[in-house]
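Student: Okay, here's the structure, questions in a sec.
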Amino acid sequence: MADQLSPEEKFNLITRNLQEVLGEEKLKQVLQERELKVYWGTATTGKPHVAYFVPMSKIADFLRAGCEVTILFADLHAYLDNMKAPWELLELRVKYYEQVIKAMLESIGVPLEKLRFIKGTDYQLSREYTLDVYRLSSMVTEHDAKKAGAEVVKQVEHPLLSGLLYPGLQALDEEYLKVDAQFGGVDQRKIFTLAEKYLPSLGYAKRAHLMNPMVPGLTGTKMSSSEEDSKIDLLDSKEDVKKKLKKAFCEPGNIQNNGVLSFVKHVLFPLRGEFSIKRDPKWGGDKVYTGFEEVEKDFAEELIHPGDLKASVEVALNQLLDPIRKKFQSPELRKLTNSAYPDPSKTTGKGAKTAGGGGGGEDDELVPSRLDIRVGKIISVEKHPDADSLFLEKIDVGEPEPRTVVSGLVAYVSQEELQDRTVLVLCNLKPQKMRGIESQAMLLCASVEGEPRRVEPLDPPEGSSPGERVFVEGYESGKADERLNPKKKVWEKLQVDLKISDECVAQWKDRKLLTKLGQITCKTLKGGNIS
């Protein structure tokens, strides 16, 4: 097919359905001379989900246009991004990603022999690449690195240096993979512009960049591996697909942030060229659409009911997933799946007990049950005598005497709001002096960075009493360390996965923070961090 296309037709096929293209003239120039070389990279972190069909459908377009396509399994990036993939699981995650990505491509009819698959650590640990990392780090400012990764690298209050390296490594990949263009989601745009700015400074060519729109998840927000309610996994059963689609955000007539409609637009139409609505004859009967615009128009005018749209997407989606499910029924791939993504409540580490164990030895597994988080009640609050920016709180945490806590909430919450408030307190950090007064615990809050930064104390369920234990779902029976060893940075490593969901529920790796009375929440800071 590619031999029969003109350079203009190839360009149109390469760029269709993209949200943005940087370097269009470079693309056109290359296509006049030869086939385009393009790469797509994926960090091997959480399990791929159905939104991965969006880049897969574009890879199919690239191949139809005659492109030479490289797929990068970015294992080192997965580790650098706040250790989303533990070092000991990197190899297993890469094997899982390779098997599942190939299964996806096969399910949509993409010939694998036309693709090149490569693992990041196959070249990113070489002498030449490492020297270029150092050269680049001598040019890129901390501000530029942080800004570039803002929508890709996990954002925490105290970022690790590894996350600042991430965007630069992605930029260097363009040179070391010898491509003309990099393809990714529009959330990668700041990394792409960093590459365009700094690669010429190293003596390397500026590449073009192709950007897909971000497909809304089932909850109406970005589909994410770390947001269980927002995604359908590739290995979900038909029953799970039905259940998740039934709960999906899909208001009658609302075409904004509609993940079900977006899947039709960015996956089903590019792959099939048409979409069938199945419905009862009394509601108009079945209808085959040959263009997405007509589907969108009919849905906006409420000529398509959300239930009929979901049911029709369910049929089409299961047709895509069936070959993947079948492939992963093999004993080898089942074993690989369980090894690459072990159940956190059952895994053990060196010298560790199960997740329900804990105990605080220095070789214990890094599990949230090691944190002594309790419900507390603020019984008094006043300004720090030597620092106007700090509050001095006395908090009842279920002990004979209240604990003294020094917090920086002055800029965010009034004394009146804190007085007599029920809060969450981390009680097994090593006490430390803050402007001359020892803080004996940490008041846990949700925060969202920005201008201005916003902070809210976390809220236990109504009726909670001081001293009640707070635990992570699935880790109810673990024993907290008597005191967290600051040299081991247990709190810091666990804290990066503490966050607020889009329903304002506190979570650790998608598992809710709970007391015996229910879940921990905050009032408004959706998607915030916890610290």
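Lettering and numbering for the structure tokens are positional, with chains as A, B, ... in the shown order, residues counted from 1 in each chain, and ligands counted from 1 in the shown order.
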Considering only C-alpha atoms, tabulate each residue of segment 314-422 of chain A that lies at most 12 Å from segment 442-454 of chain A along with its nearest interatomic pair and the corresponding distance in Å to one decimal; arrange the rows by chain and ascending residue number and present them as a Markdown table.
Tutor:
| residue | atom | partner | partner_atom | distance |
| --- | --- | --- | --- | --- |
| A:Leu371 | CA | A:Met442 | CA | 11.6 |
| A:Asp372 | CA | A:Met442 | CA | 10.7 |
| A:Ile373 | CA | A:Leu444 | CA | 8.9 |
| A:Arg374 | CA | A:Leu443 | CA | 10.0 |
| A:Val375 | CA | A:Leu443 | CA | 10.0 |
| A:Gly376 | CA | A:Leu443 | CA | 8.9 |
| A:Lys377 | CA | A:Leu443 | CA | 10.5 |
| A:Ile378 | CA | A:Leu443 | CA | 10.0 |
| A:Phe391 | CA | A:Leu443 | CA | 11.0 |
| A:Leu392 | CA | A:Leu443 | CA | 11.1 |
| A:Glu393 | CA | A:Leu443 | CA | 9.4 |
| A:Lys394 | CA | A:Leu443 | CA | 10.8 |
| A:Ile395 | CA | A:Leu443 | CA | 9.2 |
| A:Asp396 | CA | A:Leu443 | CA | 11.8 |
| A:Val397 | CA | A:Leu443 | CA | 11.1 |
| A:Arg403 | CA | A:Met442 | CA | 9.9 |
| A:Thr404 | CA | A:Met442 | CA | 9.4 |
| A:Val405 | CA | A:Met442 | CA | 6.4 |
| A:Val406 | CA | A:Met442 | CA | 7.7 |
| A:Ser407 | CA | A:Leu443 | CA | 7.0 |
| A:Gly408 | CA | A:Leu443 | CA | 9.7 |
| A:Leu409 | CA | A:Cys445 | CA | 9.3 |
| A:Val410 | CA | A:Arg454 | CA | 11.8 |
| A:Ala411 | CA | A:Arg454 | CA | 9.2 |
| A:Tyr412 | CA | A:Arg454 | CA | 6.8 |
| A:Val413 | CA | A:Arg454 | CA | 9.7 |
| A:Leu418 | CA | A:Leu443 | CA | 11.2 |
| A:Arg421 | CA | A:Leu443 | CA | 11.6 |
| A:Thr422 | CA | A:Leu443 | CA | 10.7 |
Student: Name the residues of segment 110-319 of chain A that fall into strand (DSSP E or B) according to DSSP on the backbone, using the chain letters and numbers of this document, as a list in words.
Tutor: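 Assigned to strand (DSSP E or B), within segment 110-319 of chain A: Leu115, Arg116, Phe117, Ile118, Lys119, Ala181, Gln182, Phe183, Gly184, Gly185, Ala208, His209, Leu210, Met211, Asn212, Pro216, Lys222, Asp233, Phe275, Ser276, Ile277, Lys287, Val288 and Tyr289 of chain A.
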Student: If we count only C-alpha atoms, what is near segment 44-50 of chain A at a cut-off of 10 Å, once residues fewer than 3 positions away on the same chain are taken out, given as a ChimeraX atom specification?
Tutor: /A:41,53-54,72-79,81,83-86,89-98,100-101,104,119,217,223-226,230-236,263,267,317,320-321,337,340-341
Student: Only N, CA and C atoms, please: the residues just picked out, written as a short mmCIF file (atom, residue, chain, number, x, y, z; two decimals), in the first residue's frame.
Tutor:
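Once everything was written out, this is part_29.cif:
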data_model
loop_
_atom_site.label_atom_id
_atom_site.label_comp_id
_atom_site.auth_asym_id
_atom_site.auth_seq_id
_atom_site.Cartn_x
_atom_site.Cartn_y
_atom_site.Cartn_z
N GLY A 41 7.73 5.24 22.57
CA GLY A 41 8.27 4.62 23.78
C GLY A 41 7.21 4.50 24.86
N PHE A 53 -4.67 1.11 22.89
CA PHE A 53 -5.09 0.90 21.51
C PHE A 53 -4.99 2.18 20.69
N VAL A 54 -5.00 3.34 21.36
CA VAL A 54 -4.88 4.61 20.63
C VAL A 54 -3.51 4.72 19.95
N LEU A 72 10.01 1.32 21.82
CA LEU A 72 10.97 1.30 22.92
C LEU A 72 10.28 0.92 24.21
N PHE A 73 10.77 -0.13 24.85
CA PHE A 73 10.32 -0.48 26.19
C PHE A 73 11.25 0.22 27.17
N ALA A 74 10.78 1.35 27.71
CA ALA A 74 11.64 2.25 28.50
C ALA A 74 11.72 1.78 29.95
N ASP A 75 12.49 0.73 30.17
CA ASP A 75 12.59 0.14 31.52
C ASP A 75 13.31 1.06 32.49
N LEU A 76 14.38 1.71 32.05
CA LEU A 76 15.11 2.61 32.93
C LEU A 76 14.24 3.81 33.32
N HIS A 77 13.46 4.31 32.38
CA HIS A 77 12.53 5.41 32.69
C HIS A 77 11.52 4.99 33.75
N ALA A 78 11.05 3.73 33.67
CA ALA A 78 10.08 3.24 34.64
C ALA A 78 10.65 3.29 36.05
N TYR A 79 11.93 3.00 36.17
CA TYR A 79 12.58 3.04 37.48
C TYR A 79 12.83 4.48 37.93
N ASP A 81 11.15 7.14 37.30
CA ASP A 81 9.92 7.86 37.63
C ASP A 81 9.43 7.43 39.00
N MET A 83 10.48 5.37 41.02
CA MET A 83 10.55 3.92 41.24
C MET A 83 9.19 3.24 41.03
N LYS A 84 8.45 3.69 39.99
CA LYS A 84 7.16 3.06 39.70
C LYS A 84 7.33 1.58 39.40
N ALA A 85 8.50 1.21 38.85
CA ALA A 85 8.82 -0.20 38.64
C ALA A 85 10.06 -0.52 39.46
N PRO A 86 9.94 -1.36 40.50
CA PRO A 86 11.11 -1.71 41.31
C PRO A 86 12.19 -2.35 40.44
N LEU A 89 12.01 -5.92 39.42
CA LEU A 89 10.92 -6.33 38.54
C LEU A 89 11.07 -5.79 37.12
N LEU A 90 12.12 -5.02 36.86
CA LEU A 90 12.25 -4.37 35.55
C LEU A 90 12.23 -5.37 34.41
N GLU A 91 13.04 -6.40 34.51
CA GLU A 91 13.16 -7.37 33.43
C GLU A 91 11.82 -8.07 33.18
N LEU A 92 11.13 -8.43 34.27
CA LEU A 92 9.83 -9.09 34.14
C LEU A 92 8.78 -8.16 33.52
N ARG A 93 8.81 -6.88 33.91
CA ARG A 93 7.86 -5.92 33.35
C ARG A 93 8.09 -5.75 31.84
N VAL A 94 9.36 -5.69 31.45
CA VAL A 94 9.66 -5.56 30.02
C VAL A 94 9.11 -6.76 29.26
N LYS A 95 9.32 -7.96 29.78
CA LYS A 95 8.82 -9.17 29.11
C LYS A 95 7.30 -9.14 29.01
N TYR A 96 6.64 -8.68 30.09
CA TYR A 96 5.18 -8.58 30.07
C TYR A 96 4.73 -7.58 29.02
N TYR A 97 5.34 -6.38 29.03
CA TYR A 97 4.97 -5.35 28.07
C TYR A 97 5.17 -5.84 26.64
N GLU A 98 6.29 -6.51 26.38
CA GLU A 98 6.56 -6.98 25.02
C GLU A 98 5.47 -7.97 24.58
N VAL A 100 2.34 -8.29 25.78
CA VAL A 100 0.99 -7.71 25.70
C VAL A 100 0.89 -6.71 24.54
N ILE A 101 1.96 -5.94 24.29
CA ILE A 101 1.94 -5.00 23.16
C ILE A 101 1.87 -5.76 21.84
N MET A 104 -1.61 -6.99 21.37
CA MET A 104 -2.50 -5.91 20.94
C MET A 104 -2.35 -5.66 19.44
N LYS A 119 14.85 -2.50 24.05
CA LYS A 119 14.75 -2.22 25.48
C LYS A 119 15.70 -1.07 25.82
N GLY A 217 -10.54 8.82 30.48
CA GLY A 217 -10.84 7.50 31.05
C GLY A 217 -12.33 7.36 31.29
N MET A 223 -7.18 8.57 31.29
CA MET A 223 -7.10 7.16 31.61
C MET A 223 -5.70 6.85 32.10
N SER A 224 -5.60 6.18 33.25
CA SER A 224 -4.30 5.98 33.89
C SER A 224 -4.20 4.58 34.47
N SER A 225 -2.97 4.01 34.39
CA SER A 225 -2.74 2.69 34.97
C SER A 225 -2.93 2.70 36.48
N SER A 226 -2.73 3.87 37.10
CA SER A 226 -2.80 3.94 38.56
C SER A 226 -4.19 4.32 39.07
N SER A 230 -10.70 4.32 36.28
CA SER A 230 -10.66 5.06 35.02
C SER A 230 -10.36 4.18 33.83
N LYS A 231 -10.04 2.90 34.05
CA LYS A 231 -9.48 2.11 32.95
C LYS A 231 -10.08 0.71 32.88
N ILE A 232 -9.98 0.15 31.68
CA ILE A 232 -10.29 -1.25 31.44
C ILE A 232 -8.98 -1.94 31.09
N ASP A 233 -8.58 -2.92 31.88
CA ASP A 233 -7.34 -3.65 31.62
C ASP A 233 -7.52 -4.55 30.41
N LEU A 234 -6.41 -4.84 29.74
CA LEU A 234 -6.45 -5.68 28.55
C LEU A 234 -6.87 -7.11 28.86
N LEU A 235 -6.65 -7.54 30.09
CA LEU A 235 -6.99 -8.91 30.47
C LEU A 235 -8.27 -8.98 31.31
N ASP A 236 -8.99 -7.87 31.41
CA ASP A 236 -10.26 -7.89 32.12
C ASP A 236 -11.23 -8.87 31.46
N PHE A 263 -13.16 6.61 22.70
CA PHE A 263 -12.66 5.31 22.26
C PHE A 263 -13.18 5.00 20.85
N VAL A 267 -10.00 4.84 18.36
CA VAL A 267 -9.61 3.44 18.20
C VAL A 267 -10.47 2.74 17.14
N LEU A 317 -15.16 -3.75 21.73
CA LEU A 317 -13.99 -3.85 22.59
C LEU A 317 -13.66 -5.31 22.89
N LEU A 320 -11.74 -6.94 20.23
CA LEU A 320 -10.32 -6.60 20.27
C LEU A 320 -9.59 -7.36 21.38
N LEU A 321 -10.26 -7.54 22.52
CA LEU A 321 -9.61 -8.13 23.68
C LEU A 321 -9.57 -9.66 23.64
N THR A 337 2.66 -12.85 34.14
CA THR A 337 1.79 -11.78 34.67
C THR A 337 1.86 -11.71 36.19
N ALA A 340 5.44 -10.43 37.23
CA ALA A 340 5.71 -9.01 36.93
C ALA A 340 4.86 -8.09 37.79
N TYR A 341 3.66 -8.56 38.17
CA TYR A 341 2.75 -7.74 38.98
C TYR A 341 2.26 -8.56 40.17
#
Student: So which residues touch segment 175-183 of chain A within 7 Å, counting only C-alpha atoms, skipping near sequence neighbours fewer than 3 positions away, as an MDAnalysis selection string?
Tutor: chainID A and resid 36:40 172 204 207:211
Student: Would you mind exporting the chosen residues as a tab-separated table (two decimals), in the first residue's frame, restricted to N, CA, C and O atoms?
Tutor:
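What follows is the written file again-v5.tsv:
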chain	number	residue	atom	x	y	z
A	36	LEU	N	9.88	7.64	6.47
A	36	LEU	CA	10.10	8.27	7.77
A	36	LEU	C	10.47	7.22	8.83
A	36	LEU	O	9.91	6.12	8.85
A	37	LYS	N	11.41	7.57	9.70
A	37	LYS	CA	11.77	6.72	10.83
A	37	LYS	C	11.19	7.35	12.10
A	37	LYS	O	11.49	8.50	12.43
A	38	VAL	N	10.33	6.59	12.80
A	38	VAL	CA	9.63	7.14	13.96
A	38	VAL	C	9.68	6.14	15.11
A	38	VAL	O	9.74	4.93	14.87
A	39	TYR	N	9.67	6.65	16.34
A	39	TYR	CA	9.62	5.72	17.48
A	39	TYR	C	8.55	6.14	18.46
A	39	TYR	O	8.22	7.32	18.60
A	40	TRP	N	8.02	5.12	19.13
A	40	TRP	CA	7.09	5.31	20.25
A	40	TRP	C	7.65	4.56	21.44
A	40	TRP	O	8.03	3.39	21.34
A	172	LEU	N	17.42	12.26	24.62
A	172	LEU	CA	18.57	11.57	24.04
A	172	LEU	C	18.17	10.33	23.26
A	172	LEU	O	18.85	9.94	22.30
A	204	TYR	N	23.34	17.47	17.91
A	204	TYR	CA	22.43	16.50	17.32
A	204	TYR	C	21.27	17.23	16.64
A	204	TYR	O	20.91	18.35	17.01
A	207	ARG	N	14.45	16.84	16.09
A	207	ARG	CA	13.49	15.92	15.50
A	207	ARG	C	12.09	16.52	15.46
A	207	ARG	O	11.78	17.49	16.15
A	208	ALA	N	11.23	15.88	14.64
A	208	ALA	CA	9.81	16.24	14.62
A	208	ALA	C	9.09	15.47	15.72
A	208	ALA	O	9.59	14.44	16.21
A	209	HIS	N	7.90	15.96	16.10
A	209	HIS	CA	7.16	15.32	17.19
A	209	HIS	C	5.68	15.22	16.84
A	209	HIS	O	5.06	16.21	16.41
A	210	LEU	N	5.14	14.02	17.02
A	210	LEU	CA	3.76	13.70	16.68
A	210	LEU	C	3.00	13.42	17.96
A	210	LEU	O	3.42	12.56	18.75
A	211	MET	N	1.89	14.12	18.18
A	211	MET	CA	1.19	14.01	19.47
A	211	MET	C	-0.27	13.61	19.33
A	211	MET	O	-1.05	14.28	18.66
Student: Given only C-alpha atoms as the basis, pick out the residue of A:Ala311, A:Gly463, A:Thr15, A:Ile304 nearest to Lys243 of chain A.
Tutor: A:Ala311
Student: Can you tell me how far atom CA of Pro457 of chain A sits from atom CA of Cys522 of chain A, in Å to one decimal?
Tutor: 7.0 Å
Student: Apply DSSP to the structure's backbone, then extract all residues of segment 166-291 of chain A labelled alpha helix (DSSP H) and return them as a VMD selection string.
Tutor: chain A and resid 166 to 176 189 to 198 238 to 247 259 to 263 269 to 272
Student: The selected residues should be written to file as an mmCIF file, in the first residue's frame (atoms: C-alpha atoms).
Tutor:
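Below you can see selection-v1.cif, which holds the result:
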data_model
loop_
_atom_site.group_PDB
_atom_site.id
_atom_site.type_symbol
_atom_site.label_atom_id
_atom_site.label_comp_id
_atom_site.auth_asym_id
_atom_site.auth_seq_id
_atom_site.Cartn_x
_atom_site.Cartn_y
_atom_site.Cartn_z
ATOM 1 C CA TYR A 166 13.831 11.452 33.044
ATOM 2 C CA PRO A 167 13.019 14.154 30.395
ATOM 3 C CA GLY A 168 16.658 14.468 29.310
ATOM 4 C CA LEU A 169 16.994 10.732 28.780
ATOM 5 C CA GLN A 170 13.852 10.723 26.662
ATOM 6 C CA ALA A 171 15.325 13.507 24.551
ATOM 7 C CA LEU A 172 18.572 11.572 24.039
ATOM 8 C CA ASP A 173 16.628 8.490 22.943
ATOM 9 C CA GLU A 174 15.758 10.304 19.707
ATOM 10 C CA GLU A 175 19.436 10.459 18.758
ATOM 11 C CA TYR A 176 20.397 6.987 19.915
ATOM 12 C CA ARG A 189 4.752 18.023 24.766
ATOM 13 C CA LYS A 190 7.033 19.714 27.299
ATOM 14 C CA ILE A 191 9.535 16.862 27.026
ATOM 15 C CA PHE A 192 9.396 17.168 23.230
ATOM 16 C CA THR A 193 10.103 20.906 23.348
ATOM 17 C CA LEU A 194 12.989 20.280 25.777
ATOM 18 C CA ALA A 195 14.432 17.847 23.216
ATOM 19 C CA GLU A 196 14.053 20.424 20.440
ATOM 20 C CA LYS A 197 15.800 23.035 22.573
ATOM 21 C CA TYR A 198 18.750 21.019 23.879
ATOM 22 C CA LYS A 238 -16.126 -9.748 29.682
ATOM 23 C CA GLU A 239 -18.021 -9.396 32.948
ATOM 24 C CA ASP A 240 -15.517 -6.780 34.200
ATOM 25 C CA VAL A 241 -15.702 -4.886 30.902
ATOM 26 C CA LYS A 242 -19.510 -4.776 31.150
ATOM 27 C CA LYS A 243 -19.379 -3.648 34.784
ATOM 28 C CA LYS A 244 -16.806 -0.891 34.138
ATOM 29 C CA LEU A 245 -18.570 0.407 31.046
ATOM 30 C CA LYS A 246 -21.865 0.453 32.921
ATOM 31 C CA LYS A 247 -20.292 2.766 35.536
ATOM 32 C CA GLY A 259 -14.215 8.324 27.405
ATOM 33 C CA VAL A 260 -16.689 5.997 25.650
ATOM 34 C CA LEU A 261 -17.117 8.353 22.677
ATOM 35 C CA SER A 262 -13.371 9.029 22.562
ATOM 36 C CA PHE A 263 -12.665 5.311 22.261
ATOM 37 C CA PHE A 269 -12.923 4.253 13.484
ATOM 38 C CA PRO A 270 -9.191 4.302 12.589
ATOM 39 C CA LEU A 271 -9.068 0.499 12.826
ATOM 40 C CA ARG A 272 -12.399 -0.410 11.218
#
Student: Name the closest residue to Pro252 of chain A among the candidates A:Glu401, A:Asp420, A:Glu301, A:Glu332; distances are taken between atoms, counting only C-alpha atoms.
Tutor: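 Result for the nearest residue to Pro252 of chain A: A:Glu301.
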Student: Work out how far atom CA of Lys493 of chain A is from atom CA of Leu366 of chain A, in Å to one decimal.
Tutor: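 Computing it gives 8.0 Å between the two atoms.
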Student: For a test of reading the model, state the distance in Å between atom CA of Lys509 of chain A and atom CA of Lys430 of chain A, rounded to one decimal.
Tutor: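 Rounded to one decimal, the two atoms are 24.7 Å apart.
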Student: For Val496 of chain A, which of A:Lys146, A:His158, A:Arg370, A:Lys10 is the closest residue, counting only C-alpha atoms?
Tutor: A:His158
Student: Could you check which of A:Asp308, A:Glu382, A:Asp497, A:Asp280 is closest to Cys250 of chain A, using only C-alpha atoms?
Tutor: A:Asp308
Student: So which residues touch Arg511 of chain A within 7 Å, counting only C-alpha atoms, skipping near sequence neighbours fewer than 3 positions away, as an mmCIF file with all heavy atoms, in the first residue's frame?
Tutor:
data_model
loop_
_atom_site.group_PDB
_atom_site.id
_atom_site.type_symbol
_atom_site.label_atom_id
_atom_site.label_comp_id
_atom_site.auth_asym_id
_atom_site.auth_seq_id
_atom_site.Cartn_x
_atom_site.Cartn_y
_atom_site.Cartn_z
ATOM 1 N N VAL A 472 -4.086 0.800 55.283
ATOM 2 C CA VAL A 472 -4.321 0.727 53.842
ATOM 3 C C VAL A 472 -5.073 -0.562 53.542
ATOM 4 O O VAL A 472 -4.762 -1.621 54.090
ATOM 5 C CB VAL A 472 -2.990 0.768 53.066
ATOM 6 C CG1 VAL A 472 -3.212 0.491 51.581
ATOM 7 C CG2 VAL A 472 -2.317 2.127 53.252
ATOM 8 N N GLU A 473 -6.069 -0.461 52.692
ATOM 9 C CA GLU A 473 -6.875 -1.605 52.287
ATOM 10 C C GLU A 473 -5.973 -2.763 51.832
ATOM 11 O O GLU A 473 -5.113 -2.592 50.972
ATOM 12 C CB GLU A 473 -7.776 -1.163 51.128
ATOM 13 C CG GLU A 473 -8.844 -2.118 50.717
ATOM 14 C CD GLU A 473 -9.729 -1.500 49.645
ATOM 15 O OE1 GLU A 473 -9.268 -0.584 48.929
ATOM 16 O OE2 GLU A 473 -10.884 -1.943 49.527
ATOM 17 N N GLN A 507 -5.510 7.458 49.050
ATOM 18 C CA GLN A 507 -5.131 6.138 48.574
ATOM 19 C C GLN A 507 -3.621 5.943 48.633
ATOM 20 O O GLN A 507 -2.856 6.901 48.610
ATOM 21 C CB GLN A 507 -5.582 5.931 47.116
ATOM 22 C CG GLN A 507 -7.073 5.983 46.887
ATOM 23 C CD GLN A 507 -7.430 5.770 45.430
ATOM 24 O OE1 GLN A 507 -6.657 6.088 44.541
ATOM 25 N NE2 GLN A 507 -8.614 5.245 45.186
ATOM 26 N N TRP A 508 -3.224 4.686 48.695
ATOM 27 C CA TRP A 508 -1.826 4.290 48.471
ATOM 28 C C TRP A 508 -1.841 3.226 47.388
ATOM 29 O O TRP A 508 -2.411 2.152 47.569
ATOM 30 C CB TRP A 508 -1.197 3.730 49.755
ATOM 31 C CG TRP A 508 0.256 3.347 49.591
ATOM 32 C CD1 TRP A 508 1.329 4.189 49.610
ATOM 33 C CD2 TRP A 508 0.781 2.035 49.368
ATOM 34 N NE1 TRP A 508 2.488 3.484 49.415
ATOM 35 C CE2 TRP A 508 2.189 2.160 49.254
ATOM 36 C CE3 TRP A 508 0.213 0.777 49.242
ATOM 37 C CZ2 TRP A 508 3.031 1.065 49.045
ATOM 38 C CZ3 TRP A 508 1.038 -0.322 49.014
ATOM 39 C CH2 TRP A 508 2.431 -0.165 48.925
#
Student: Choose the residue, out of A:Val425, A:Asp388, A:Ser57, A:Met214, that has the smallest atom-to-atom separation from Val470 of chain A; count only C-alpha atoms.
Tutor: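 Answer, going by the shortest atom-to-atom distance: A:Val425.
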Student: Got a sec: who's within 9 Å of Lys114 of chain A, counting only C-alpha atoms, leaving out chain neighbours fewer than 2 positions off, as JSON, numbers by chain?
Tutor: {"A": [63, 68, 69, 110, 111, 112, 116]}
Student: Pull N, CA and C atoms from the residues just selected and write them as a PDB file, in the first residue's frame.
Tutor:
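Dumped to again-v2.pdb:
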ATOM      1  N   LEU A  63       2.745   2.343   9.701  1.00  0.00           N
ATOM      2  CA  LEU A  63       3.193   1.222   8.866  1.00  0.00           C
ATOM      3  C   LEU A  63       2.522   1.265   7.494  1.00  0.00           C
ATOM      4  N   GLU A  68       9.364   3.363   9.056  1.00  0.00           N
ATOM      5  CA  GLU A  68      10.150   2.410   9.824  1.00  0.00           C
ATOM      6  C   GLU A  68       9.889   2.725  11.297  1.00  0.00           C
ATOM      7  N   VAL A  69       9.232   1.797  11.998  1.00  0.00           N
ATOM      8  CA  VAL A  69       8.747   2.080  13.349  1.00  0.00           C
ATOM      9  C   VAL A  69       9.529   1.283  14.391  1.00  0.00           C
ATOM     10  N   VAL A 110      -1.718  -5.819  12.819  1.00  0.00           N
ATOM     11  CA  VAL A 110      -0.449  -5.174  12.478  1.00  0.00           C
ATOM     12  C   VAL A 110       0.639  -6.242  12.332  1.00  0.00           C
ATOM     13  N   PRO A 111       1.338  -6.289  11.194  1.00  0.00           N
ATOM     14  CA  PRO A 111       2.404  -7.287  11.009  1.00  0.00           C
ATOM     15  C   PRO A 111       3.634  -6.955  11.853  1.00  0.00           C
ATOM     16  N   LEU A 112       3.996  -7.841  12.763  1.00  0.00           N
ATOM     17  CA  LEU A 112       5.089  -7.572  13.703  1.00  0.00           C
ATOM     18  C   LEU A 112       6.448  -7.526  13.023  1.00  0.00           C
ATOM     19  N   ARG A 116      10.497  -2.767  14.899  1.00  0.00           N
ATOM     20  CA  ARG A 116      11.715  -3.041  15.660  1.00  0.00           C
ATOM     21  C   ARG A 116      11.407  -2.804  17.130  1.00  0.00           C
TER      22      ARG A 116
END
